[in-house]
Amino acid sequence: MHKPSQNELETLLEIATEAVMTAGVILQDLWGKLERIEEKGRPGDLVTEADKTAEAAILGILHRRVPQHQVLAEESGLLGVAKSDYLWVIDPLDGTTNYAHSYPIYAVSVGLLIEGIPQVGAIYDPFRKELFRAAKGLGSTLNYRPIRVSKTTELSNSLLVTGFPYDRQETQDTNYPEFCYLTHITQGVRRAGAAALDLANVACGRLDGYWERGLSPWDISAGIIILEEAGGKISAYDESTLIIESGRLLATNGHIHHVLSQALDEALPWLQNFYQVKPF
Ligand code: IPD
Ligand code: CA
Ligand code: CA
């Protein structure tokens with residue numbers, strides 16, 4: 001297994017940073033000026049010229065700086081050298097629905113998997129001018145200052161975040177029972193609409209936990225390493241090892257990981273029971 005040196009990781013982190021900052025300027029420039037908003041297939045799954053222009057800029061940077069690496073980009077698919085152990089995973093605009101409605105929660109996310117493991121990540125929120133970065137073993141930062149996850153140990157004291165998949169009209173696995181139950185037993189569950197920022201906000205302690213299904217590798221690759229390096233924990237819902245391609249992830253400050261995993265399991269029976277008892 002290839003273990004990159006600290007020098008190499010620092011260089012790769014600089015490349016990720018250049019990519020997210022460049023795309024961030026493009027997103028800011030196009031903010032509120034969109035002329036075309038298209039649906040990608042499923043209702044509500046949007047793509048705009050901002051997504052495409054930002055992605056083209058990131059691809060240009062990666063092509064110039066690491067032409068020997070492979071790239072998976074949300075709008076362009078898999079590109080580059082198939083044999084490479086290095087896979088850059090790009091979301092040029094995470095939170096497209098928010099962006100298209102001028103709701104200011106969105107980000108650029110650039111992660112790097114080496115032999116399938118997230119090792120470098122950068123997420124930039126152009127609206128708040130917040131840059132989250134991490135590389136394996138080098139810690140996580142927000143605007144170049146170290147960040148850590150929260151110390152919350154009880155679900156009843158926690159503030160969580162989640163999201164709802166674009167396929168929610170085609171499946172019973174909607175996340176609605178989980179959202180209701182966790183809203184009932186915590187201080188709140190937010191639905192911010194940008195998975196990369198959800199992970200970044202758990203990493204810096206603003207939120208205590210996050211779960212979601214139906215995610216794509218570009219939503220989470222950068223956020224995983226940023227959260228891990230900030231002391232957080234990531235797994236599948238049942239606490240087994242996360243498989244990125246499964247798109248189903250539980251991410252917490254570590255302290256509430258087990259109880260949140262259990263609560264996700266309890267959600268459906270709780271909701272069924274809730275509606276069977278007499279109305280208040
Ligand atoms: C979406 C956002 C949203 C999440 C969706 C993602 P996009 O990404 O991260 O929070 O709930 O599952 O697809 O489409 O805005 O890049
Ligand atoms: Ca996304
Ligand atoms: Ca996107």
# chains A, B, ... in the order shown; residues from 1 in each chain; ligands from 1
>>> residues_near_ligand(ligand="ligand 1", cutoff="7 Å", atoms="only C-alpha atoms and all ligand atoms", output="number ranges by chain")
A: 45-46, 91, 93-97, 163-166, 192-196, 214-216, 219
>>> write_last_selection(atoms="N, CA and C atoms", output="CSV table (one decimal), in the first residue's frame")
chain,number,residue,atom,x,y,z
A,45,ASP,N,-33.5,17.4,-9.2
A,45,ASP,CA,-32.0,17.2,-9.3
A,45,ASP,C,-31.5,18.2,-10.4
A,46,LEU,N,-31.0,19.3,-10.0
A,46,LEU,CA,-30.7,20.4,-10.9
A,46,LEU,C,-29.3,20.5,-11.3
A,91,ASP,N,-17.1,17.8,-6.4
A,91,ASP,CA,-18.4,18.3,-6.5
A,91,ASP,C,-18.2,19.8,-6.7
A,93,LEU,N,-20.3,22.2,-7.2
A,93,LEU,CA,-21.3,23.0,-6.5
A,93,LEU,C,-22.1,22.0,-5.7
A,94,ASP,N,-21.9,22.0,-4.4
A,94,ASP,CA,-22.7,21.2,-3.5
A,94,ASP,C,-23.7,22.1,-2.9
A,95,GLY,N,-25.0,21.7,-3.1
A,95,GLY,CA,-26.1,22.6,-2.7
A,95,GLY,C,-26.6,23.4,-3.9
A,96,THR,N,-26.7,22.7,-5.0
A,96,THR,CA,-27.2,23.3,-6.3
A,96,THR,C,-28.6,23.9,-6.1
A,97,THR,N,-29.5,23.1,-5.4
A,97,THR,CA,-30.9,23.5,-5.2
A,97,THR,C,-30.9,24.9,-4.4
A,163,GLY,N,-30.3,14.9,5.4
A,163,GLY,CA,-30.7,15.3,4.1
A,163,GLY,C,-31.7,14.3,3.5
A,164,PHE,N,-32.3,14.6,2.4
A,164,PHE,CA,-33.3,13.7,1.8
A,164,PHE,C,-32.9,13.5,0.4
A,165,PRO,N,-32.9,12.2,0.0
A,165,PRO,CA,-32.4,11.9,-1.4
A,165,PRO,C,-33.2,12.3,-2.5
A,166,TYR,N,-32.6,12.5,-3.7
A,166,TYR,CA,-33.4,12.9,-4.9
A,166,TYR,C,-34.4,11.8,-5.3
A,192,ALA,N,-29.8,21.4,5.8
A,192,ALA,CA,-29.2,22.6,5.2
A,192,ALA,C,-29.1,22.5,3.7
A,193,GLY,N,-28.9,21.3,3.1
A,193,GLY,CA,-28.9,21.1,1.7
A,193,GLY,C,-27.6,21.1,1.0
A,194,ALA,N,-26.5,20.9,1.8
A,194,ALA,CA,-25.2,20.8,1.2
A,194,ALA,C,-24.4,19.8,2.0
A,195,ALA,N,-24.3,18.5,1.5
A,195,ALA,CA,-23.7,17.5,2.3
A,195,ALA,C,-22.3,17.8,2.8
A,196,ALA,N,-21.5,18.4,1.9
A,196,ALA,CA,-20.1,18.7,2.2
A,196,ALA,C,-20.0,19.6,3.4
A,214,GLY,N,-28.3,7.9,0.0
A,214,GLY,CA,-28.5,8.4,-1.4
A,214,GLY,C,-27.4,9.4,-1.8
A,215,LEU,N,-26.3,9.4,-1.0
A,215,LEU,CA,-25.2,10.3,-1.4
A,215,LEU,C,-24.3,9.7,-2.4
A,216,SER,N,-23.5,10.6,-3.1
A,216,SER,CA,-22.6,10.2,-4.1
A,216,SER,C,-21.2,10.5,-3.6
A,219,ASP,N,-20.1,14.0,-2.9
A,219,ASP,CA,-20.7,14.7,-1.8
A,219,ASP,C,-19.9,14.6,-0.5
>>> select_by_dssp(residues="range 1-196 of chain A", states="helix (DSSP H, G or I)", output="PyMOL selection string")
chain A and resi 6-30+49-65+96-100+155-157+176-185+195-196
>>> select_by_dssp(residues="range 158-236 of chain A", states="strand (DSSP E or B)", output="list of chain:residue names")
A:Leu159, A:Leu160, A:Val161, A:Thr162, A:Gly188, A:Val189, A:Arg190, A:Gly209, A:Tyr210, A:Trp211, A:Glu212, A:Lys233, A:Ile234, A:Ser235
>>> residues_around(residues="Arg191 in chain A", least_positions_apart="2", cutoff="12 Å", atoms="only C-alpha atoms", output="JSON, numbers by chain")
{"A": [95, 98, 105, 159, 160, 161, 162, 163, 164, 165, 175, 176, 179, 183, 188, 189, 193, 194, 195, 197, 198, 207, 210, 211, 212]}
>>> closest_residue(among="A:Gly41, A:Gly139, A:Gly111, A:Gly80", to="Gly231 in chain A", atoms="only C-alpha atoms")
A:Gly139
>>> residues_around(residues="Lys3 in chain A", least_positions_apart="6", cutoff="10 Å", atoms="only C-alpha atoms", output="MDAnalysis selection string")
chainID A and resid 9 114:115
>>> closest_residue(among="A:Glu229, A:Glu49, A:Glu245, A:Asp85", to="ligand 3", atoms="only C-alpha atoms and all ligand atoms")
A:Glu49
>>> atom_distance(atom1="CA of Ala200 in chain A", atom2="CA of Gly223 in chain A")
5.9 Å
>>> closest_residue(among="A:Ser76, A:Ser102, A:Gln272, A:Thr11", to="Leu30 in chain A", atoms="only C-alpha atoms")
A:Ser102
>>> closest_residue(among="A:Asp208, A:Glu74, A:Glu35, A:Asp29", to="ligand 2", atoms="only C-alpha atoms and all ligand atoms")
A:Glu74
>>> residues_around(residues="Val108 in chain A", least_positions_apart="5", cutoff="12 Å", atoms="only C-alpha atoms", output="ChimeraX atom specification")
/A:16-28,50-51,54-55,57-58,73-74,89-96,99,121-127,129-133,194-197,200,218-223
>>> atom_distance(atom1="CA of Leu112 in chain A", atom2="CA of Tyr237 in chain A")
23.4 Å
>>> atom_distance(atom1="CA of Asn273 in chain A", atom2="CA of Ser235 in chain A")
28.2 Å
